[in-house]
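Dropping coords.cif in here (mmCIF, C-alpha atoms):
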data_target
#
loop_
_atom_site.label_atom_id
_atom_site.label_comp_id
_atom_site.auth_asym_id
_atom_site.auth_seq_id
_atom_site.Cartn_x
_atom_site.Cartn_y
_atom_site.Cartn_z
CA MET O 377 169.93 178.28 85.28
CA TYR O 378 170.89 181.96 85.16
CA LEU O 379 170.91 184.44 88.03
CA TYR O 380 170.25 188.11 87.33
CA GLY O 381 172.26 190.17 89.83
CA ALA O 382 175.94 189.65 90.68
CA SER O 383 175.60 190.77 94.30
CA GLY O 384 175.10 189.55 97.86
CA HIS O 385 171.57 188.31 97.21
CA GLY O 386 172.86 186.46 94.15
CA LYS O 387 175.42 184.69 96.33
CA VAL O 388 172.71 183.38 98.63
CA VAL O 389 170.48 182.22 95.75
CA LYS O 390 173.43 180.43 94.13
CA GLU O 391 174.09 178.56 97.39
CA ILE O 392 170.42 177.56 97.58
CA LEU O 393 170.64 176.16 94.06
CA ASP O 394 173.94 174.42 94.88
CA ASN O 395 172.18 172.87 97.90
CA THR O 396 169.40 171.50 95.70
CA GLY O 397 171.74 170.23 92.96
CA VAL O 398 170.87 172.85 90.33
CA ASP O 399 173.79 174.13 88.26
CA VAL O 400 174.10 177.86 87.62
CA THR O 401 175.46 178.57 84.12
CA ALA O 402 176.18 182.27 84.56
CA PHE O 403 175.20 185.49 86.28
CA ILE O 404 173.68 188.42 84.40
CA ASP O 405 174.37 192.00 85.49
CA ASP O 406 173.98 195.47 84.01
CA ASN O 407 177.41 196.57 85.30
CA PRO O 408 179.81 196.21 82.31
CA SER O 409 182.87 196.23 84.60
CA ILE O 410 181.94 192.83 86.11
CA SER O 411 183.02 189.91 83.94
CA GLU O 412 183.20 187.14 86.57
CA PHE O 413 181.38 186.44 89.84
CA LEU O 414 181.87 183.44 92.15
CA GLY O 415 183.94 181.81 89.43
CA LEU O 416 181.15 182.07 86.86
CA PRO O 417 180.94 184.31 83.79
CA VAL O 418 178.83 187.47 84.00
CA LEU O 419 176.74 188.21 80.94
CA HIS O 420 175.37 191.65 80.16
CA GLU O 421 172.44 190.65 78.00
CA ALA O 422 169.58 188.37 79.07
CA SER O 423 167.64 188.00 75.83
CA GLU O 424 166.51 184.46 75.06
CA LEU O 425 168.12 182.99 78.18
CA GLY O 426 166.33 180.96 80.77
CA PRO O 427 165.29 179.89 83.22
CA ILE O 428 166.28 182.95 85.29
CA ILE O 429 165.90 184.05 88.90
CA VAL O 430 166.14 187.81 89.48
CA CYS O 431 168.47 188.17 92.50
CA ILE O 432 167.80 191.76 93.51
CA GLY O 433 166.61 192.50 97.04
CA LYS O 434 164.88 195.85 96.35
CA CYS O 435 161.27 195.18 95.41
CA ASP O 436 160.88 197.97 92.83
CA ILE O 437 164.10 197.18 90.97
CA ARG O 438 163.37 193.42 91.02
CA ARG O 439 159.99 194.21 89.49
CA GLN O 440 161.44 196.48 86.77
CA VAL O 441 163.97 193.82 85.75
CA ALA O 442 161.49 190.93 85.82
CA GLU O 443 158.91 192.82 83.78
CA HIS O 444 161.56 193.78 81.21
CA LEU O 445 162.84 190.23 80.69
CA LYS O 446 161.16 187.98 78.15
CA CYS O 447 162.06 184.57 79.53
CA LYS O 448 161.01 181.72 81.76
CA PHE O 449 161.52 182.22 85.50
CA ALA O 450 162.46 179.58 88.05
CA THR O 451 162.02 179.30 91.81
CA ALA O 452 164.58 178.35 94.45
CA ILE O 453 163.65 176.70 97.75
CA HIS O 454 166.38 175.69 100.21
CA SER O 455 166.15 172.13 101.49
CA SER O 456 166.03 173.37 105.11
CA ALA O 457 162.86 175.39 104.45
CA VAL O 458 159.59 173.84 105.59
CA VAL O 459 156.93 174.37 102.93
CA SER O 460 153.42 172.95 103.28
CA PRO O 461 152.33 170.79 100.34
CA SER O 462 149.17 172.94 100.14
CA ALA O 463 151.15 176.18 99.75
CA ARG O 464 151.42 177.80 96.31
CA ILE O 465 154.62 179.58 95.31
CA GLY O 466 154.90 181.71 92.17
CA ASP O 467 157.59 181.75 89.51
CA GLY O 468 160.78 183.63 90.36
CA THR O 469 160.25 183.36 94.13
CA VAL O 470 163.09 182.41 96.49
CA VAL O 471 162.56 180.68 99.86
CA MET O 472 165.70 180.79 101.96
CA GLN O 473 167.29 178.73 104.69
CA GLY O 474 165.09 177.87 107.65
CA ALA O 475 161.95 179.60 106.36
CA VAL O 476 158.54 178.12 107.24
CA ILE O 477 155.51 178.41 104.96
CA GLN O 478 152.35 176.87 106.38
CA ALA O 479 149.09 175.41 105.02
CA GLU O 480 147.16 177.14 102.23
CA VAL O 481 149.62 180.04 101.90
CA SER O 482 149.70 181.73 98.50
CA ILE O 483 152.97 183.47 97.59
CA GLY O 484 153.11 185.41 94.35
CA LYS O 485 155.78 185.82 91.69
CA HIS O 486 159.30 187.13 92.36
CA CYS O 487 158.97 187.23 96.14
CA ILE O 488 161.72 186.72 98.71
CA VAL O 489 160.95 184.75 101.86
CA ASN O 490 164.23 185.31 103.65
CA THR O 491 166.20 183.37 106.25
CA LYS O 492 164.09 182.01 109.15
CA ALA O 493 160.98 183.96 108.13
CA SER O 494 157.67 182.36 109.06
CA VAL O 495 154.43 182.71 107.07
CA ASP O 496 151.47 181.06 108.78
CA HIS O 497 148.28 179.48 107.41
CA GLU O 498 146.14 181.01 104.67
CA CYS O 499 148.24 184.13 104.10
CA VAL O 500 148.22 185.82 100.70
CA ILE O 501 151.52 187.38 99.69
CA GLU O 502 151.21 189.23 96.39
CA ASP O 503 153.99 189.61 93.75
CA PHE O 504 157.39 191.26 94.37
CA VAL O 505 157.15 191.20 98.19
CA HIS O 506 160.33 190.93 100.30
CA ILE O 507 159.90 189.27 103.70
CA ALA O 508 163.21 189.91 105.48
CA PRO O 509 165.06 187.53 107.85
CA GLY O 510 163.27 186.57 111.05
CA VAL O 511 159.88 188.05 110.14
CA THR O 512 156.82 186.38 111.72
CA ILE O 513 153.56 186.61 109.81
CA SER O 514 150.52 185.15 111.60
CA GLY O 515 147.59 183.47 109.86
CA ASN O 516 145.20 185.04 107.35
CA VAL O 517 147.43 188.06 106.62
CA HIS O 518 147.29 189.74 103.20
CA ILE O 519 150.37 191.61 101.93
CA GLY O 520 150.14 193.75 98.78
CA THR O 521 152.43 193.83 95.76
CA GLY O 522 155.89 195.34 96.18
CA THR O 523 155.86 195.59 99.98
CA TRP O 524 159.01 195.22 102.09
CA ILE O 525 158.66 193.74 105.60
CA GLY O 526 161.84 194.56 107.59
CA VAL O 527 164.01 192.24 109.66
CA GLY O 528 162.32 190.75 112.71
CA ALA O 529 158.92 192.39 112.16
CA THR O 530 155.80 190.68 113.50
CA VAL O 531 152.37 190.82 111.87
CA ILE O 532 149.34 189.66 113.89
CA GLN O 533 146.61 187.51 112.37
CA GLY O 534 144.08 188.90 109.94
CA VAL O 535 145.93 192.14 109.12
CA ARG O 536 146.00 193.60 105.62
CA ILE O 537 149.15 195.43 104.52
CA GLY O 538 148.77 197.43 101.33
CA LYS O 539 150.85 197.64 98.19
CA ASN O 540 154.30 199.25 98.00
CA CYS O 541 154.69 199.63 101.76
CA PHE O 542 157.91 199.74 103.78
CA ILE O 543 157.65 198.18 107.24
CA GLY O 544 160.68 199.02 109.41
CA ALA O 545 162.76 196.38 111.19
CA GLY O 546 161.35 195.09 114.47
CA SER O 547 157.91 196.60 113.92
CA VAL O 548 154.78 194.97 115.33
CA ILE O 549 151.81 195.38 112.99
CA VAL O 550 148.48 195.13 114.84
CA HIS O 551 146.22 197.12 112.44
CA ASP O 552 145.73 197.30 108.67
CA VAL O 553 148.31 199.39 106.78
CA PRO O 554 147.24 201.51 103.75
CA ASP O 555 148.97 201.34 100.36
CA ASN O 556 152.26 203.24 99.98
CA SER O 557 152.87 203.55 103.73
CA LYS O 558 156.28 203.81 105.36
CA GLY O 559 156.61 203.33 109.08
CA TYR O 560 157.98 201.45 112.06
CA GLY O 561 157.47 200.91 115.76
CA VAL O 562 155.82 198.83 118.46
CA PRO O 563 153.03 199.13 117.62
CA PHE O 564 153.66 200.09 113.99
CA LYS O 565 152.87 203.69 113.01
CA VAL O 566 152.84 205.24 109.54
CA VAL O 567 155.37 208.07 109.34
CA SER O 568 155.11 208.98 105.65
CA THR O 569 153.51 208.09 102.35
CA LEU O 570 155.67 206.71 99.54
CA LYS O 571 155.25 207.83 95.95
#
Now that the file is in, can you turn its structure into structure tokens?
Amino acid sequence: MYLYGASGHGKVVKEILDNTGVDVTAFIDDNPSISEFLGLPVLHEASELGPIIVCIGKCDIRRQVAEHLKCKFATAIHSSAVVSPSARIGDGTVVMQGAVIQAEVSIGKHCIVNTKASVDHECVIEDFVHIAPGVTISGNVHIGTGTWIGVGATVIQGVRIGKNCFIGAGSVIVHDVPDNSKGYGVPFKVVSTLK
């Protein structure tokens, strides 16, 4: 197993893999000044390696890297996470400590379901979404590709959040959110449109 990204997120993913008995061979990073990380070698070329998990928190950069790589991707799910047997989780996705994923949830490729996040029944989480620590997502929510849901946010049932949105920490989302929206608040309000 290889981890792309010698950074804080990479540290957490390595510990998840350690917890599940999966050995990490090396990290991969674009920074040529890093040659070792957590006692493992750091490679600067990822061609023909695999399986790989892209360990980059920012949705857009994680997407750029994953789409550039020509390899097989793996998932990482911590043993303390509770994942329904009817949930579907895409390649490259990481489910962290204490997360809960309920019945009939569909989580796309290269997503992050962070520490103690909760995703309730029948939600659809598209590719490259980051659900930050402590987020609560009620049932039947749809979240578009590349969206970031900030720490401790709450999303009520049945809401649709568009693609490439940024939801500020602690927000409470009670209405649909259009694509490319940035905002925060209780209740959530759009403050700008992202390009």
Spatial neighbours of segment 386-402 of chain O, max dist 9 Å, only C-alpha atoms, sep filter under 5 positions, as a PyMOL selection string
chain O and resi 377-381+412-414+416-419+429-432+452-455+470-473
For the residues in the current selection, export C-alpha atoms as a short mmCIF file (atom, residue, chain, number, x, y, z; two decimals), in the coordinates of the input.
data_model
loop_
_atom_site.label_atom_id
_atom_site.label_comp_id
_atom_site.auth_asym_id
_atom_site.auth_seq_id
_atom_site.Cartn_x
_atom_site.Cartn_y
_atom_site.Cartn_z
CA MET O 377 169.93 178.28 85.28
CA TYR O 378 170.89 181.96 85.16
CA LEU O 379 170.91 184.44 88.03
CA TYR O 380 170.25 188.11 87.33
CA GLY O 381 172.26 190.17 89.83
CA GLU O 412 183.20 187.14 86.57
CA PHE O 413 181.38 186.44 89.84
CA LEU O 414 181.87 183.44 92.15
CA LEU O 416 181.15 182.07 86.86
CA PRO O 417 180.94 184.31 83.79
CA VAL O 418 178.83 187.47 84.00
CA LEU O 419 176.74 188.21 80.94
CA ILE O 429 165.90 184.05 88.90
CA VAL O 430 166.14 187.81 89.48
CA CYS O 431 168.47 188.17 92.50
CA ILE O 432 167.80 191.76 93.51
CA ALA O 452 164.58 178.35 94.45
CA ILE O 453 163.65 176.70 97.75
CA HIS O 454 166.38 175.69 100.21
CA SER O 455 166.15 172.13 101.49
CA VAL O 470 163.09 182.41 96.49
CA VAL O 471 162.56 180.68 99.86
CA MET O 472 165.70 180.79 101.96
CA GLN O 473 167.29 178.73 104.69
#
Excluding Pro509 of chain O and its own-chain neighbours fewer than 5 positions away, which residues fall within 8 Å of it when counting all atoms listed in the file? Please give them as a PyMOL selection string.
chain O and resi 489-493+526-528
Could you dump the residues just selected with C-alpha atoms as a PDB file, keeping the file's coordinate frame?
ATOM      1  CA  VAL O 489     160.950 184.750 101.860  1.00  0.00           C
ATOM      2  CA  ASN O 490     164.230 185.310 103.650  1.00  0.00           C
ATOM      3  CA  THR O 491     166.200 183.370 106.250  1.00  0.00           C
ATOM      4  CA  LYS O 492     164.090 182.010 109.150  1.00  0.00           C
ATOM      5  CA  ALA O 493     160.980 183.960 108.130  1.00  0.00           C
ATOM      6  CA  GLY O 526     161.840 194.560 107.590  1.00  0.00           C
ATOM      7  CA  VAL O 527     164.010 192.240 109.660  1.00  0.00           C
ATOM      8  CA  GLY O 528     162.320 190.750 112.710  1.00  0.00           C
TER       9      GLY O 528
END
Compile a residue-level contact table for segment 472-571 of chain O against segment 443-450 of chain O at a cut-off of 12 Å, reporting for every qualifying residue the shortest atom pair and its distance in Å to one decimal, with all atoms listed in the file counted, rows ordered by chain and ascending number, as a tab-separated table.
residue	atom	partner	partner_atom	distance
O:Lys485	CA	O:Phe449	CA	9.2
O:His486	CA	O:Phe449	CA	8.7
O:Cys487	CA	O:Ala450	CA	11.7
O:Asp503	CA	O:Glu443	CA	11.6
O:Phe504	CA	O:Glu443	CA	10.8
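For the pair atom CA of Val476 of chain O and atom CA of Ile525 of chain O, the interatomic distance is 15.7 Å.
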What gap, in Å, lies between atom CA of Leu570 of chain O and atom CA of Gly515 of chain O?
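Computing the Euclidean distance for atom CA of Leu570 of chain O and atom CA of Gly515 of chain O yields 26.7 Å.
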Determine, counting only C-alpha atoms, every residue of protein, DNA or RNA that lies within 7 Å of (148.0, 196.4, 109.9) in the file coordinates, then give the result as a list in words.
Val535, Arg536, Ile537, Ile549, Val550, His551, Asp552 and Val553 of chain O
Given the selection you just returned, output its residues as a file containing C-alpha atoms, formatted as an mmCIF file, in the coordinates of the input.
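The resulting file, selection.cif, is reproduced below:
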data_model
loop_
_atom_site.group_PDB
_atom_site.id
_atom_site.type_symbol
_atom_site.label_atom_id
_atom_site.label_comp_id
_atom_site.auth_asym_id
_atom_site.auth_seq_id
_atom_site.Cartn_x
_atom_site.Cartn_y
_atom_site.Cartn_z
ATOM 1 C CA VAL O 535 145.930 192.140 109.120
ATOM 2 C CA ARG O 536 146.000 193.600 105.620
ATOM 3 C CA ILE O 537 149.150 195.430 104.520
ATOM 4 C CA ILE O 549 151.810 195.380 112.990
ATOM 5 C CA VAL O 550 148.480 195.130 114.840
ATOM 6 C CA HIS O 551 146.220 197.120 112.440
ATOM 7 C CA ASP O 552 145.730 197.300 108.670
ATOM 8 C CA VAL O 553 148.310 199.390 106.780
#
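Put simply, atom CA of Glu498 of chain O is 8.9 Å away from atom CA of His518 of chain O.
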For this structure, which residues satisfy the selection - the PyMOL selection byres ((chain O and resi 501) around 12) - when it is evaluated on the file as given? I want them as JSON, numbers by chain.
{"O": [463, 464, 465, 466, 469, 477, 480, 481, 482, 483, 484, 485, 486, 487, 488, 489, 495, 496, 497, 498, 499, 500, 502, 503, 504, 505, 506, 507, 513, 515, 516, 517, 518, 519, 520, 521, 522, 523, 524, 525, 535, 536, 537, 538, 539]}
Distance criterion (all atoms listed in the file): nearest to Asp467 of chain O out of O:Ala545, O:Asn407, O:Pro427, O:Val441
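Closest to Asp467 of chain O of all the choices is O:Pro427.
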When you count all atoms listed in the file, which of these residues is closest to Val511 of chain O: O:Gly544, O:Gly433, O:Gly561, O:Gly426?
O:Gly544
Which one of O:Ala479, O:Cys435, O:Cys541, O:Ala422 sits closest to Pro554 of chain O if you count all atoms listed in the file?
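Counting all atoms listed in the file, the residue closest to Pro554 of chain O is O:Cys541.
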Which residues, named as in the file, does the PyMOL selection byres ((chain O and resi 531) around 7) pick out? Answer as a PyMOL selection string.
chain O and resi 512-514+529-530+532-533+548-550
Given only C-alpha atoms as the basis, pick out the residue of O:Arg439, O:Lys571, O:Lys434, O:His420 nearest to Ala508 of chain O.
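Among the listed residues, the smallest separation from Ala508 of chain O belongs to O:Lys434.
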